[in-house]
$ cat run.cif   # mmCIF, C-alpha atoms
data_entry
#
loop_
_atom_site.label_atom_id
_atom_site.label_comp_id
_atom_site.auth_asym_id
_atom_site.auth_seq_id
_atom_site.Cartn_x
_atom_site.Cartn_y
_atom_site.Cartn_z
CA MET A 7 86.02 145.82 71.72
CA TRP A 8 87.43 143.14 74.00
CA PRO A 9 91.21 142.86 74.40
CA LEU A 10 92.97 140.94 71.66
CA ASP A 11 94.68 137.57 71.75
CA GLY A 12 97.40 136.79 74.27
CA ARG A 13 99.44 133.60 74.22
CA ARG A 14 101.91 133.97 77.08
CA GLY A 15 101.59 133.67 80.84
CA ASP A 16 98.69 132.24 82.81
CA VAL A 17 95.50 131.21 81.02
CA ILE A 18 92.08 130.97 82.65
CA ARG A 19 89.69 128.66 80.86
CA ILE A 20 86.03 129.53 81.43
CA GLY A 21 83.69 126.65 80.59
CA ALA A 22 80.18 125.48 81.36
CA TYR A 23 81.17 123.30 84.33
CA ALA A 24 84.39 124.73 85.75
CA LEU A 25 87.00 127.47 85.61
CA GLU A 26 90.62 126.35 85.26
CA LEU A 27 93.97 128.08 85.60
CA TRP A 28 96.68 126.82 83.24
CA ARG A 29 100.34 127.86 83.10
CA GLY A 30 102.72 127.58 80.20
CA SER A 31 105.85 125.43 80.08
CA SER A 32 108.33 124.66 77.32
CA SER A 33 106.08 121.87 75.97
CA GLY A 34 102.55 123.08 76.61
CA LEU A 35 100.27 124.08 79.48
CA ASN A 36 99.94 122.66 82.98
CA LEU A 37 96.75 122.70 85.05
CA ILE A 38 97.41 124.70 88.22
CA ALA A 39 93.95 125.01 89.81
CA ARG A 40 90.32 124.19 89.06
CA GLU A 41 87.11 125.60 90.52
CA ALA A 42 83.85 123.82 89.72
CA LEU A 43 80.73 125.92 89.11
CA PRO A 44 77.79 125.37 91.50
CA GLN A 45 75.62 124.55 88.48
CA ARG A 46 76.05 124.45 84.73
CA GLY A 47 76.95 127.96 83.65
CA SER A 48 75.66 129.79 80.59
CA LEU A 49 75.35 133.28 79.21
CA TYR A 50 71.95 133.43 80.97
CA ASP A 51 73.49 132.68 84.39
CA VAL A 52 76.83 134.44 84.50
CA GLN A 53 76.98 135.25 88.21
CA ALA A 54 77.96 131.62 88.80
CA ILE A 55 81.48 132.42 87.55
CA VAL A 56 82.19 135.32 89.93
CA GLU A 57 83.30 133.45 93.06
CA PRO A 58 85.23 130.70 91.22
CA LEU A 59 87.13 133.35 89.27
CA ARG A 60 88.04 135.15 92.49
CA ALA A 61 89.35 131.88 93.90
CA LEU A 62 91.50 131.19 90.81
CA ALA A 63 92.91 134.71 90.91
CA ARG A 64 94.85 133.83 94.08
CA HIS A 65 96.97 131.40 92.02
CA ALA A 66 97.72 133.72 89.09
CA VAL A 67 101.29 134.94 88.66
CA ARG A 68 101.48 138.70 89.23
CA SER A 69 97.65 138.70 89.27
CA ARG A 70 97.58 138.62 85.46
CA ALA A 71 95.99 136.11 83.10
CA SER A 72 94.47 135.67 79.65
CA LEU A 73 90.85 134.52 79.50
CA VAL A 74 89.80 131.78 77.10
CA LEU A 75 86.00 131.87 76.88
CA GLU A 76 84.16 128.77 75.76
CA SER A 77 80.95 129.12 73.79
CA ALA A 78 78.69 128.53 76.79
CA PHE A 79 79.52 132.14 77.72
CA ALA A 80 80.81 133.57 74.41
CA PRO A 81 78.71 131.99 71.63
CA THR A 82 80.07 131.35 68.15
CA LEU A 83 78.32 131.16 64.79
CA LEU A 84 79.00 131.29 61.06
CA ALA A 85 76.88 133.58 58.88
CA ASP A 86 76.43 133.40 55.11
CA THR A 87 77.12 136.87 53.68
CA GLY A 88 76.31 135.91 50.11
CA GLY A 89 79.74 137.29 49.23
CA VAL A 90 78.29 140.77 48.71
CA LEU A 91 78.93 142.62 51.99
CA TRP A 92 81.69 145.18 51.66
CA ASN A 93 82.29 146.81 55.06
CA PRO A 94 82.69 145.68 58.70
CA GLN A 95 79.51 147.44 59.82
CA GLN A 96 77.39 145.37 57.43
CA VAL A 97 79.01 142.14 58.58
CA GLU A 98 78.53 143.03 62.25
CA ALA A 99 74.87 143.90 61.64
CA LEU A 100 74.33 140.51 59.98
CA LEU A 101 76.04 138.66 62.81
CA ARG A 102 74.16 140.61 65.48
CA HIS A 103 70.89 139.71 63.76
CA ARG A 104 71.90 136.03 63.68
CA PHE A 105 72.93 136.08 67.34
CA GLY A 106 69.60 137.70 68.16
CA LEU A 107 67.70 134.92 66.40
CA ALA A 108 69.72 132.23 68.14
CA TYR A 109 70.09 133.66 71.66
CA GLY A 110 67.91 136.74 72.03
CA GLY A 111 64.48 137.11 73.56
CA PRO A 112 62.30 139.44 75.65
CA ASP A 113 64.73 139.19 78.57
CA ALA A 114 67.94 138.73 76.56
CA SER A 115 68.65 141.57 74.16
CA VAL A 116 71.80 141.32 72.05
CA ALA A 117 71.90 145.06 71.35
CA ALA A 118 74.64 145.64 73.95
CA TRP A 119 76.68 142.55 73.08
CA LYS A 120 80.16 143.04 71.69
CA ILE A 121 80.73 141.23 68.39
CA ARG A 122 84.08 140.06 67.07
CA THR A 123 84.37 138.96 63.45
CA ASP A 124 86.73 136.95 61.29
CA TYR A 125 85.90 138.01 57.74
CA ARG A 126 87.64 139.22 54.60
CA PHE A 127 86.00 141.24 51.86
CA GLY A 128 84.38 139.04 49.24
CA GLU A 129 84.25 135.89 51.37
CA ARG A 130 81.02 133.91 51.50
CA HIS A 131 81.06 133.28 55.25
CA ALA A 132 81.79 135.39 58.33
CA LEU A 133 82.81 133.76 61.59
CA GLY A 134 81.40 135.64 64.56
CA PHE A 135 82.02 135.59 68.31
CA ALA A 136 79.82 137.38 70.83
CA MET A 137 80.51 138.79 74.28
CA PRO A 138 77.18 139.11 76.11
CA ALA A 139 76.98 142.26 78.21
CA ALA A 140 76.12 140.32 81.38
CA ALA A 141 79.14 138.03 80.95
CA GLU A 142 81.44 141.01 80.43
CA ALA A 143 80.07 142.70 83.56
CA ALA A 144 80.56 139.56 85.67
CA LEU A 145 84.14 139.18 84.47
CA LEU A 146 84.97 142.79 85.20
CA GLU A 147 83.34 142.58 88.64
CA SER A 148 85.41 139.51 89.48
CA ALA A 149 88.61 141.11 88.22
CA ARG A 150 88.14 144.27 90.27
CA SER A 151 87.35 142.44 93.50
CA ALA A 152 90.29 140.03 93.05
CA ASN A 153 92.80 142.65 91.87
CA LEU A 154 93.21 140.61 88.68
CA THR A 155 94.25 142.03 85.30
CA PHE A 156 93.04 140.39 82.10
CA THR A 157 95.75 140.60 79.46
CA ALA A 158 93.41 139.20 76.78
CA TRP A 159 89.84 137.92 76.37
CA VAL A 160 89.77 135.34 73.60
CA PRO A 161 86.97 133.14 72.21
CA ALA A 162 88.08 129.54 72.72
CA LEU A 163 87.61 128.37 69.13
CA ALA A 164 89.63 131.31 67.77
CA TRP A 165 92.33 130.75 70.39
CA GLY A 166 92.70 127.06 69.51
CA LEU A 167 92.77 127.71 65.78
CA GLY A 168 95.39 130.39 66.24
CA ARG A 169 97.50 128.29 68.57
CA PHE A 170 97.69 125.20 66.34
CA SER A 171 96.84 126.44 62.79
CA PRO A 172 96.45 122.82 61.62
CA TRP A 173 95.67 123.67 57.99
CA ARG A 174 99.24 124.79 57.33
CA LYS A 175 100.16 121.15 56.70
CA TRP A 176 96.88 120.06 55.10
CA PRO A 177 96.66 119.56 51.32
CA ARG A 178 95.03 122.67 49.83
CA ARG A 179 94.80 123.93 53.45
CA THR A 180 91.49 122.05 53.68
CA GLY A 181 90.15 119.72 56.36
CA TRP A 182 88.02 119.44 59.50
CA TRP A 183 88.82 120.88 62.92
CA VAL A 184 87.31 119.52 66.12
CA TRP A 185 87.53 121.80 69.15
CA SER A 186 86.65 120.28 72.54
CA GLU A 187 84.85 122.29 75.20
CA GLN A 188 83.49 121.19 78.56
CA ASP A 189 79.90 120.75 77.39
CA ARG A 190 80.27 120.22 73.62
CA ARG A 191 82.58 119.91 70.65
CA LEU A 192 82.70 122.43 67.83
CA LEU A 193 83.25 121.12 64.30
CA ALA A 194 84.71 123.57 61.78
CA GLY A 195 85.15 122.87 58.08
CA VAL A 196 88.25 124.66 56.83
CA ALA A 197 88.85 125.37 53.12
CA GLY A 198 91.88 127.31 51.95
CA GLY A 199 92.75 128.05 55.55
CA ARG A 200 89.40 129.73 56.27
CA VAL A 201 86.40 128.45 58.24
CA GLU A 202 83.63 127.75 55.72
CA ALA A 203 81.37 125.45 57.77
CA LEU A 204 80.56 125.25 61.47
CA ASN A 205 78.56 122.93 63.70
CA PRO A 206 78.75 124.67 67.11
CA ALA A 207 77.10 121.96 69.21
CA VAL A 208 78.37 118.43 68.56
CA PRO A 209 77.68 116.30 71.69
CA VAL A 210 80.78 115.82 73.82
CA GLN A 211 80.14 112.04 73.99
CA THR A 212 80.47 111.70 70.20
CA THR A 213 82.84 108.91 69.14
CA MET A 214 85.25 109.13 66.23
CA ALA A 215 82.97 106.97 64.07
CA GLU A 216 79.98 109.20 64.84
CA LEU A 217 82.06 112.30 64.19
CA GLU A 218 83.05 111.06 60.74
CA ARG A 219 79.36 110.59 59.91
CA THR A 220 78.70 114.15 61.10
CA ILE A 221 81.54 115.39 58.89
CA VAL A 222 79.94 113.72 55.86
CA THR A 223 76.67 115.54 56.62
CA GLU A 224 78.43 118.89 57.06
CA GLY A 225 80.43 118.25 53.90
CA LEU A 226 77.25 117.80 51.88
CA ARG A 227 75.90 121.08 53.24
CA SER A 228 79.07 123.08 52.71
CA GLY A 229 80.70 121.49 49.68
CA ILE A 230 83.94 120.85 51.62
CA GLU A 231 85.45 117.46 50.83
CA ALA A 232 84.53 115.15 53.71
CA LEU A 233 85.64 111.60 52.96
CA GLN A 234 89.38 112.06 52.43
CA SER A 235 90.23 115.40 54.06
CA PRO A 236 92.37 115.35 57.22
CA ILE A 237 90.82 115.79 60.65
CA GLY A 238 92.46 117.67 63.51
CA ALA A 239 91.07 117.30 67.03
CA ALA A 240 92.21 119.59 69.85
CA HIS A 241 91.81 118.86 73.55
CA TRP A 242 93.00 120.52 76.72
CA SER A 243 94.00 117.19 78.29
CA THR A 244 94.17 113.52 77.39
CA GLY A 245 91.04 112.90 79.44
CA GLU A 246 88.97 114.90 76.94
CA GLY A 247 90.10 112.94 73.90
CA LEU A 248 87.71 111.48 71.35
CA ALA A 249 86.95 107.80 71.76
CA GLY A 250 88.15 105.77 68.78
CA ASP A 251 90.62 106.56 66.06
CA SER A 252 90.95 107.22 62.33
CA GLY A 253 93.78 107.05 59.83
CA ARG A 254 93.25 110.70 58.94
CA LEU A 255 93.01 112.00 62.54
CA GLN A 256 95.72 114.08 64.20
CA ARG A 257 95.31 114.94 67.87
CA PHE A 258 96.49 118.18 69.47
CA PHE A 259 96.77 118.79 73.22
CA MET A 260 97.10 121.98 75.25
CA GLU A 261 98.44 119.91 78.13
CA SER A 262 102.24 119.72 78.38
CA VAL A 263 104.13 116.64 77.24
CA GLU A 264 105.27 116.04 80.83
CA ALA A 265 101.67 115.98 82.11
CA GLN A 266 100.55 113.68 79.29
CA THR A 267 103.41 111.29 80.11
CA GLY A 268 102.43 111.34 83.76
CA HIS A 269 98.82 110.46 82.89
CA SER A 270 99.97 107.59 80.69
CA ALA A 271 102.17 106.20 83.46
CA SER A 272 99.35 106.47 86.00
CA ASN A 273 96.90 104.74 83.67
CA GLU A 274 99.40 101.95 83.03
CA MET A 275 99.96 101.46 86.77
CA ARG A 276 96.21 101.27 87.42
CA ALA A 277 95.86 98.69 84.67
CA LEU A 278 98.66 96.57 86.16
CA LYS A 279 97.10 96.75 89.62
CA ALA A 280 93.71 95.75 88.21
CA ALA A 281 95.27 92.80 86.35
CA ALA A 282 97.03 91.70 89.55
CA GLY A 283 93.68 91.49 91.22
#
$ encode --input "run.cif" --output "structure tokens"
Amino acid sequence: MWPLDGRRGDVIRIGAYALELWRGSSSGLNLIAREALPQRGSLYDVQAIVEPLRALARHAVRSRASLVLESAFAPTLLADTGGVLWNPQQVEALLRHRFGLAYGGPDASVAAWKIRTDYRFGERHALGFAMPAAAEAALLESARSANLTFTAWVPALAWGLGRFSPWRKWPRRTGWWVWSEQDRRLLAGVAGGRVEALNPAVPVQTTMAELERTIVTEGLRSGIEALQSPIGAAHWSTGEGLAGDSGRLQRFFMESVEAQTGHSASNEMRALKAAAG
């Protein structure tokens, strides 16, 4: 199984359009370096990440970093178990079957993929994360050639949920969680502190008003209250924020408070210059 979650030290974000190295401070993370991919990356074209990862490795402290893998390379899905599965092997078999239906094919077998699950006995739904064999091989190749040690490999959605745990302050631990990635947003319905609904491909251009309509649709499908429940939206930086606002929306940022303040000051200065003509 892949290494478990790490929350300290350098973090390498692996997304569909770029790889980024972030470093922790007392108030969040700071972007240290960014390497764009030559073309949009995916689990079907993993070699595109090899050279950018080698380049980022030169900036890592003590050549160590945690990997946060967005769903372009480590897909995520929610499977309905019917509440009757009783051991991890059964849950993994169900998730592997679902991943095969969604991502498999004649040239893309999921048999060698590693599957990570978030499931408790008796629950109706199992949250699954996959590590495609080709993606794992590309990461290991890059690490060896760059003398880089991965202290953790973590699916991005799981990492964000664990970092912020927004439901701790939600009534009945129920609400909607929006996780921003480079090429999409993931929308998770949380009930009792557990993910019970998932839309893994909300368009990144979605506005707050459009997102609320999507939440209503997902609420009807899942039975999770959609009209009054709180909404938490997580972003790496202020530039990725949802357009628009809502009285029940709380925003979370990976980016440090100092960096956010700097962005705000820069934006204000640009606005003043534009007004001055």
$ atom_distance --input "run.cif" --atom1 "CA of Gly199 (chain A)" --atom2 "CA of Arg179 (chain A)"
5.1 Å
$ resolve_selection --input "run.cif" --expression "the PyMOL selection byres ((chain A and resi 160) around 7)" --output "PyMOL selection string"
chain A and resi 10-11+73-75+158-159+161-162+165
$ write_last_selection --input "run.cif" --atoms "C-alpha atoms" --output "PDB file, keeping the file's coordinate frame"
ATOM      1  CA  LEU A  10      92.970 140.940  71.660  1.00  0.00           C
ATOM      2  CA  ASP A  11      94.680 137.570  71.750  1.00  0.00           C
ATOM      3  CA  LEU A  73      90.850 134.520  79.500  1.00  0.00           C
ATOM      4  CA  VAL A  74      89.800 131.780  77.100  1.00  0.00           C
ATOM      5  CA  LEU A  75      86.000 131.870  76.880  1.00  0.00           C
ATOM      6  CA  ALA A 158      93.410 139.200  76.780  1.00  0.00           C
ATOM      7  CA  TRP A 159      89.840 137.920  76.370  1.00  0.00           C
ATOM      8  CA  PRO A 161      86.970 133.140  72.210  1.00  0.00           C
ATOM      9  CA  ALA A 162      88.080 129.540  72.720  1.00  0.00           C
ATOM     10  CA  TRP A 165      92.330 130.750  70.390  1.00  0.00           C
TER      11      TRP A 165
END
$ closest_residue --input "run.cif" --among "A:Gly15, A:Gly47, A:Gly106, A:Gly128" --to "Thr87 (chain A)" --atoms "all atoms listed in the file"
A:Gly128
$ axis_aligned_box --input "run.cif" --around "region 125-143 of chain A" --padding-each-side "8 Å" --output "JSON"
{"center_x": 81.9, "center_y": 138.0, "center_z": 66.4, "size_x": 27.5, "size_y": 25.4, "size_z": 50.3}
$ closest_residue --input "run.cif" --among "A:Ile230, A:Ala61, A:Ala164, A:Ala78" --to "Ala207 (chain A)" --atoms "all atoms listed in the file"
A:Ala78
$ residues_around --input "run.cif" --residues "Val116 (chain A)" --least-positions-apart "4" --cutoff "8 Å" --atoms "only C-alpha atoms" --output "ChimeraX atom specification"
/A:102,105-106,109-110,138
$ closest_residue --input "run.cif" --among "A:Ala141, A:Met260, A:Leu226, A:Ala136" --to "Ser186 (chain A)" --atoms "all atoms listed in the file"
A:Met260
$ atom_distance --input "run.cif" --atom1 "CA of Trp185 (chain A)" --atom2 "CA of Ala140 (chain A)"
25.0 Å
$ atom_distance --input "run.cif" --atom1 "CA of Leu193 (chain A)" --atom2 "CA of His241 (chain A)"
12.8 Å
$ closest_residue --input "run.cif" --among "A:Ser252, A:Gln211, A:Ser235, A:Thr157" --to "Arg70 (chain A)" --atoms "only C-alpha atoms"
A:Thr157
$ closest_residue --input "run.cif" --among "A:Arg191, A:Leu204, A:His131, A:Ala149" --to "Gly225 (chain A)" --atoms "all atoms listed in the file"
A:Leu204
$ closest_residue --input "run.cif" --among "A:Ala152, A:Ala117, A:Ile18, A:Leu84" --to "Arg60 (chain A)" --atoms "only C-alpha atoms"
A:Ala152
$ resolve_selection --input "run.cif" --expression "the PyMOL selection byres ((chain A and resi 52) around 12)" --output "PyMOL selection string"
chain A and resi 20-23+43-51+53-59+78-80+137-148
$ resolve_selection --input "run.cif" --expression "the PyMOL selection byres ((chain A and resi 134) around 7)" --output "VMD selection string"
chain A and resid 82 to 84 101 121 to 124 132 to 133 135 to 136
$ residues_around --input "run.cif" --residues "Val196 (chain A)" --least-positions-apart "4" --cutoff "8 Å" --atoms "all atoms listed in the file" --output "PyMOL selection string"
chain A and resi 173+179-183+200-203+230
$ decode --input "run.cif" --residues "region 144-269 of chain A" --atoms "C-alpha atoms" --output "JSON list (two decimals), in the first residue's frame"
[["chain", "number", "residue", "atom", "x", "y", "z"],
["A", 144, "ALA", "CA", 6.66, 7.26, -12.90],
["A", 145, "LEU", "CA", 6.80, 8.70, -9.39],
["A", 146, "LEU", "CA", 9.31, 6.13, -8.23],
["A", 147, "GLU", "CA", 11.44, 6.66, -11.35],
["A", 148, "SER", "CA", 11.51, 10.40, -10.72],
["A", 149, "ALA", "CA", 12.34, 9.95, -7.05],
["A", 150, "ARG", "CA", 15.27, 7.63, -7.73],
["A", 151, "SER", "CA", 16.80, 9.83, -10.41],
["A", 152, "ALA", "CA", 16.42, 12.99, -8.28],
["A", 153, "ASN", "CA", 17.53, 11.40, -4.99],
["A", 154, "LEU", "CA", 14.15, 12.40, -3.53],
["A", 155, "THR", "CA", 12.39, 10.61, -0.67],
["A", 156, "PHE", "CA", 8.60, 10.60, -0.48],
["A", 157, "THR", "CA", 7.51, 10.75, 3.15],
["A", 158, "ALA", "CA", 3.85, 10.22, 2.18],
["A", 159, "TRP", "CA", 1.66, 9.75, -0.90],
["A", 160, "VAL", "CA", -1.79, 11.14, -0.18],
["A", 161, "PRO", "CA", -4.92, 11.49, -2.35],
["A", 162, "ALA", "CA", -5.71, 15.21, -2.49],
["A", 163, "LEU", "CA", -9.35, 14.98, -1.38],
["A", 164, "ALA", "CA", -8.42, 12.87, 1.66],
["A", 165, "TRP", "CA", -5.56, 15.22, 2.50],
["A", 166, "GLY", "CA", -7.79, 18.30, 2.40],
["A", 167, "LEU", "CA", -10.53, 16.67, 4.45],
["A", 168, "GLY", "CA", -8.01, 15.56, 7.04],
["A", 169, "ARG", "CA", -6.28, 18.92, 7.18],
["A", 170, "PHE", "CA", -9.42, 21.01, 7.72],
["A", 171, "SER", "CA", -12.08, 18.56, 9.05],
["A", 172, "PRO", "CA", -14.79, 21.18, 8.47],
["A", 173, "TRP", "CA", -17.67, 19.07, 9.80],
["A", 174, "ARG", "CA", -16.42, 19.37, 13.38],
["A", 175, "LYS", "CA", -18.23, 22.71, 13.63],
["A", 176, "TRP", "CA", -21.21, 21.85, 11.42],
["A", 177, "PRO", "CA", -24.62, 21.08, 12.99],
["A", 178, "ARG", "CA", -25.03, 17.29, 13.06],
["A", 179, "ARG", "CA", -21.58, 17.16, 11.37],
["A", 180, "THR", "CA", -23.43, 17.51, 8.06],
["A", 181, "GLY", "CA", -22.76, 19.75, 5.07],
["A", 182, "TRP", "CA", -21.08, 20.05, 1.67],
["A", 183, "TRP", "CA", -17.35, 20.13, 0.98],
["A", 184, "VAL", "CA", -15.87, 21.63, -2.18],
["A", 185, "TRP", "CA", -12.30, 20.63, -2.96],
["A", 186, "SER", "CA", -10.51, 22.58, -5.72],
["A", 187, "GLU", "CA", -8.09, 20.88, -8.09],
["A", 188, "GLN", "CA", -6.32, 22.26, -11.13],
["A", 189, "ASP", "CA", -8.76, 20.83, -13.68],
["A", 190, "ARG", "CA", -11.95, 20.34, -11.63],
["A", 191, "ARG", "CA", -13.69, 20.69, -8.29],
["A", 192, "LEU", "CA", -14.83, 17.73, -6.22],
["A", 193, "LEU", "CA", -18.11, 18.05, -4.31],
["A", 194, "ALA", "CA", -18.55, 15.79, -1.29],
["A", 195, "GLY", "CA", -21.74, 15.49, 0.75],
["A", 196, "VAL", "CA", -20.85, 14.84, 4.38],
["A", 197, "ALA", "CA", -23.35, 13.39, 6.88],
["A", 198, "GLY", "CA", -22.35, 12.61, 10.44],
["A", 199, "GLY", "CA", -18.76, 13.38, 9.56],
["A", 200, "ARG", "CA", -18.63, 10.77, 6.78],
["A", 201, "VAL", "CA", -18.67, 11.23, 3.00],
["A", 202, "GLU", "CA", -22.04, 9.97, 1.76],
["A", 203, "ALA", "CA", -22.20, 11.64, -1.68],
["A", 204, "LEU", "CA", -19.55, 12.56, -4.23],
["A", 205, "ASN", "CA", -19.48, 14.39, -7.54],
["A", 206, "PRO", "CA", -15.84, 13.96, -8.67],
["A", 207, "ALA", "CA", -15.93, 16.25, -11.71],
["A", 208, "VAL", "CA", -17.58, 19.64, -11.14],
["A", 209, "PRO", "CA", -16.22, 22.11, -13.74],
["A", 210, "VAL", "CA", -13.58, 24.41, -12.30],
["A", 211, "GLN", "CA", -15.36, 27.47, -13.79],
["A", 212, "THR", "CA", -18.49, 26.79, -11.72],
["A", 213, "THR", "CA", -19.75, 29.86, -9.85],
["A", 214, "MET", "CA", -21.17, 29.81, -6.34],
["A", 215, "ALA", "CA", -24.72, 30.10, -7.68],
["A", 216, "GLU", "CA", -24.18, 27.18, -10.05],
["A", 217, "LEU", "CA", -22.57, 25.16, -7.28],
["A", 218, "GLU", "CA", -25.60, 25.63, -5.03],
["A", 219, "ARG", "CA", -27.82, 24.28, -7.82],
["A", 220, "THR", "CA", -25.49, 21.28, -8.15],
["A", 221, "ILE", "CA", -25.72, 20.72, -4.39],
["A", 222, "VAL", "CA", -29.52, 20.63, -4.63],
["A", 223, "THR", "CA", -29.26, 17.94, -7.32],
["A", 224, "GLU", "CA", -26.77, 15.90, -5.30],
["A", 225, "GLY", "CA", -28.92, 16.34, -2.21],
["A", 226, "LEU", "CA", -31.93, 14.84, -3.98],
["A", 227, "ARG", "CA", -29.83, 11.85, -5.03],
["A", 228, "SER", "CA", -28.23, 11.26, -1.65],
["A", 229, "GLY", "CA", -30.84, 12.42, 0.85],
["A", 230, "ILE", "CA", -28.38, 14.86, 2.46],
["A", 231, "GLU", "CA", -29.98, 18.18, 3.34],
["A", 232, "ALA", "CA", -28.99, 20.64, 0.61],
["A", 233, "LEU", "CA", -30.79, 23.94, 1.11],
["A", 234, "GLN", "CA", -29.67, 24.92, 4.61],
["A", 235, "SER", "CA", -26.54, 22.85, 5.28],
["A", 236, "PRO", "CA", -23.21, 24.69, 5.51],
["A", 237, "ILE", "CA", -20.76, 24.68, 2.61],
["A", 238, "GLY", "CA", -16.99, 24.57, 3.01],
["A", 239, "ALA", "CA", -14.77, 25.35, 0.02],
["A", 240, "ALA", "CA", -11.02, 24.66, 0.11],
["A", 241, "HIS", "CA", -8.46, 26.21, -2.22],
["A", 242, "TRP", "CA", -4.70, 26.19, -2.41],
["A", 243, "SER", "CA", -4.55, 29.94, -3.10],
["A", 244, "THR", "CA", -6.86, 32.91, -3.36],
["A", 245, "GLY", "CA", -6.58, 32.77, -7.14],
["A", 246, "GLU", "CA", -8.48, 29.46, -7.18],
["A", 247, "GLY", "CA", -11.45, 30.73, -5.18],
["A", 248, "LEU", "CA", -15.04, 30.27, -6.26],
["A", 249, "ALA", "CA", -16.63, 33.26, -7.95],
["A", 250, "GLY", "CA", -19.55, 34.64, -5.93],
["A", 251, "ASP", "CA", -20.53, 34.17, -2.34],
["A", 252, "SER", "CA", -23.17, 32.64, -0.07],
["A", 253, "GLY", "CA", -24.28, 33.21, 3.50],
["A", 254, "ARG", "CA", -23.56, 29.58, 4.33],
["A", 255, "LEU", "CA", -20.12, 29.41, 2.66],
["A", 256, "GLN", "CA", -16.85, 29.20, 4.58],
["A", 257, "ARG", "CA", -13.61, 29.37, 2.62],
["A", 258, "PHE", "CA", -10.43, 27.51, 3.57],
["A", 259, "PHE", "CA", -6.98, 28.20, 2.09],
["A", 260, "MET", "CA", -3.77, 26.17, 2.09],
["A", 261, "GLU", "CA", -1.86, 29.35, 1.32],
["A", 262, "SER", "CA", -0.38, 31.14, 4.34],
["A", 263, "VAL", "CA", -2.01, 34.24, 5.78],
["A", 264, "GLU", "CA", 1.08, 36.27, 4.83],
["A", 265, "ALA", "CA", 0.80, 35.23, 1.17],
["A", 266, "GLN", "CA", -2.94, 35.94, 1.09],
["A", 267, "THR", "CA", -2.31, 39.40, 2.54],
["A", 268, "GLY", "CA", 0.35, 40.03, -0.08],
["A", 269, "HIS", "CA", -2.05, 39.07, -2.88]]
